[in-house]
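S.K.: The structure is given below, and queries will be raised subsequently.
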Amino acid sequence: MYSEKVMDHFKNPRNVGEIENADGVGTVGNPTCGDLMTMYIKVKDEKIEDIKFKTFGCGAAIATSSMTTEMAKGKTIEEAMKISRAEVANNLGGLPPIKMHCSNLAADALHEAIKDYQKKKEDKK
Ligand code: FES
């Protein structure tokens with residue numbers, strides 16, 4: 001029921017962990033299941049230089065986060081802000097409909113981390 005790509009990212013998730021002194025941190029909770037996800041970003045010249053995630057979510061949440069971090073790394077803040085839940089799921093070869101809500105966590109947490117980065121930047125001005 002899961003694509004090979006989902007299984008790969010679930011078994012070998014990329015960019016798991018935490019970034020100390022991250023430039024932006026975003027945490028979101030999934031209203032459907034109550035699981036949590038945090039994304040950390042390090043930004044240089046308006047590009048995502050490093051990104052890591054931590055989740056209490058299920059396998060699908062792990063796979064989508066892993067994919068999201070791969071998609072976001074090296075992108076500009078603006079490009080990363082446009083990464084959508086659907087795009088993440090598509091890049092994984094699709095998710096079972098019942099698991100689509102899990103993919104919301106990753107993209108949302110990424111967007112929150114970017115907003116946090118932008119807010120911190122404003123505060124410094
Ligand atoms: S069941 Fe909670 S994130 Fe998938």
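Just so we're on the same page: first chain in the structure tokens is A, next is B, and so on; residues restart at 1 for each chain, and ligands are numbered from 1 in the order they show up.
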Grab me every residue within 8 Å of ligand 1, counting only C-alpha atoms and all ligand atoms, and send it over as a list in words.
M.R.: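 So, counting only C-alpha atoms and all ligand atoms, the residues near ligand 1 are Asn30, Thr32, Cys33, Gly34, Asp35, Leu36, Phe56, Gly57, Cys58, Gly59, Ala60, Ala61, Lys99, His101, Cys102, Ser103 and Leu105 of chain A.
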S.K.: Next, the residues of the selection above should be written as a tab-separated table (two decimals), in the first residue's frame with N, CA, C and O atoms.
M.R.:
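Here's the written file again-v1.tsv:
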```tsv
chain	number	residue	atom	x	y	z
A	30	ASN	N	-0.77	17.80	14.48
A	30	ASN	CA	-1.75	17.31	13.53
A	30	ASN	C	-3.09	17.15	14.24
A	30	ASN	O	-3.21	16.33	15.15
A	32	THR	N	-5.72	15.79	13.35
A	32	THR	CA	-6.41	14.51	13.14
A	32	THR	C	-5.93	13.44	14.10
A	32	THR	O	-6.71	12.68	14.65
A	33	CYS	N	-4.60	13.38	14.30
A	33	CYS	CA	-4.08	12.29	15.12
A	33	CYS	C	-3.36	12.77	16.38
A	33	CYS	O	-3.03	11.97	17.24
A	34	GLY	N	-3.09	14.08	16.46
A	34	GLY	CA	-2.43	14.60	17.65
A	34	GLY	C	-0.92	14.51	17.61
A	34	GLY	O	-0.24	14.88	18.57
A	35	ASP	N	-0.37	14.04	16.49
A	35	ASP	CA	1.09	13.92	16.40
A	35	ASP	C	1.74	15.29	16.19
A	35	ASP	O	1.11	16.23	15.74
A	36	LEU	N	3.03	15.34	16.52
A	36	LEU	CA	3.76	16.61	16.46
A	36	LEU	C	4.96	16.53	15.52
A	36	LEU	O	5.55	15.47	15.34
A	56	PHE	N	6.98	13.09	16.16
A	56	PHE	CA	6.36	12.03	16.93
A	56	PHE	C	5.30	11.37	16.06
A	56	PHE	O	4.42	10.69	16.55
A	57	GLY	N	5.39	11.64	14.76
A	57	GLY	CA	4.35	11.14	13.85
A	57	GLY	C	4.59	9.71	13.41
A	57	GLY	O	5.59	9.07	13.76
A	58	CYS	N	3.70	9.24	12.57
A	58	CYS	CA	3.74	7.87	12.08
A	58	CYS	C	4.74	7.71	10.93
A	58	CYS	O	5.40	8.67	10.55
A	59	GLY	N	4.76	6.54	10.35
A	59	GLY	CA	5.68	6.27	9.24
A	59	GLY	C	5.50	7.22	8.07
A	59	GLY	O	6.47	7.70	7.49
A	60	ALA	N	4.27	7.50	7.73
A	60	ALA	CA	4.01	8.40	6.60
A	60	ALA	C	4.51	9.80	6.92
A	60	ALA	O	5.03	10.51	6.05
A	61	ALA	N	4.39	10.20	8.18
A	61	ALA	CA	4.88	11.53	8.58
A	61	ALA	C	6.40	11.56	8.48
A	61	ALA	O	6.98	12.57	8.05
A	99	LYS	N	-3.75	8.39	4.69
A	99	LYS	CA	-2.51	8.93	5.26
A	99	LYS	C	-2.18	10.33	4.74
A	99	LYS	O	-1.16	10.90	5.09
A	101	HIS	N	-3.37	13.13	5.51
A	101	HIS	CA	-3.29	14.14	6.58
A	101	HIS	C	-1.89	14.18	7.21
A	101	HIS	O	-1.46	15.21	7.71
A	102	CYS	N	-1.20	13.05	7.18
A	102	CYS	CA	0.14	12.98	7.78
A	102	CYS	C	1.11	13.87	7.01
A	102	CYS	O	2.06	14.40	7.58
A	103	SER	N	0.85	13.99	5.70
A	103	SER	CA	1.79	14.76	4.88
A	103	SER	C	1.63	16.26	5.13
A	103	SER	O	2.48	17.05	4.75
A	105	LEU	N	1.79	17.72	7.95
A	105	LEU	CA	2.71	18.13	9.02
A	105	LEU	C	4.00	18.70	8.47
A	105	LEU	O	4.45	19.76	8.89
```
S.K.: With a distance cut-off of 8 Å and only C-alpha atoms, select the neighbouring residues of Val88 (chain A), excluding the residue or stretch itself and same-chain residues fewer than 6 positions from it, and output the selection as number ranges by chain.
M.R.: A: 64, 67-68, 103, 107
S.K.: What does the file look like for those residues with N, CA and C atoms, as a PDB file, in the first residue's frame?
M.R.:
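This is the output file selection-v3.pdb:
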```
ATOM      1  N   THR A  64       7.296  11.714   4.697  1.00  0.00           N
ATOM      2  CA  THR A  64       7.018  13.014   4.063  1.00  0.00           C
ATOM      3  C   THR A  64       7.978  14.078   4.591  1.00  0.00           C
ATOM      4  N   MET A  67      11.294  13.600   2.839  1.00  0.00           N
ATOM      5  CA  MET A  67      11.197  14.102   1.472  1.00  0.00           C
ATOM      6  C   MET A  67      11.172  15.636   1.453  1.00  0.00           C
ATOM      7  N   THR A  68      10.427  16.221   2.376  1.00  0.00           N
ATOM      8  CA  THR A  68      10.332  17.687   2.425  1.00  0.00           C
ATOM      9  C   THR A  68      11.705  18.318   2.671  1.00  0.00           C
ATOM     10  N   SER A 103       0.853  13.992   5.697  1.00  0.00           N
ATOM     11  CA  SER A 103       1.791  14.763   4.881  1.00  0.00           C
ATOM     12  C   SER A 103       1.634  16.259   5.127  1.00  0.00           C
ATOM     13  N   ALA A 107       5.092  19.892   5.398  1.00  0.00           N
ATOM     14  CA  ALA A 107       5.083  21.158   4.672  1.00  0.00           C
ATOM     15  C   ALA A 107       4.691  22.299   5.605  1.00  0.00           C
TER      16      ALA A 107
END
```
S.K.: For Ser3 (chain A), list every protein, DNA or RNA residue within 8 Å, evaluated using only C-alpha atoms, and leave out those in the same chain fewer than 3 positions away; present the list as a list in words.
M.R.: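 The residues satisfying every condition are Val6, Met7, Leu92, Gly93, Gly94 and Leu95 of chain A.
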S.K.: Determine the nearest neighbour of Thr27 (chain A) from the options A:His111, A:Lys11, A:Lys75, A:Lys120, counting only C-alpha atoms.
M.R.: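 Of the candidates, the smallest distance to Thr27 (chain A) is held by A:His111.
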S.K.: Calculated over only C-alpha atoms, which of the candidates A:Met100, A:Val28, A:Val43, A:Ala63 has the smallest distance to Val16 (chain A)?
M.R.: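 Closest candidate: A:Ala63.
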S.K.: Where does DSSP see helix (DSSP H, G or I) in region 41-77 of chain A, if you list the residues as a VMD selection string?
M.R.: chain A and resid 59 to 72 77
S.K.: Looking at only C-alpha atoms, which of A:Met1, A:Met37, A:Thr69, A:Thr55 is the one that sits closest to Asn15 (chain A)?
M.R.: A:Thr69
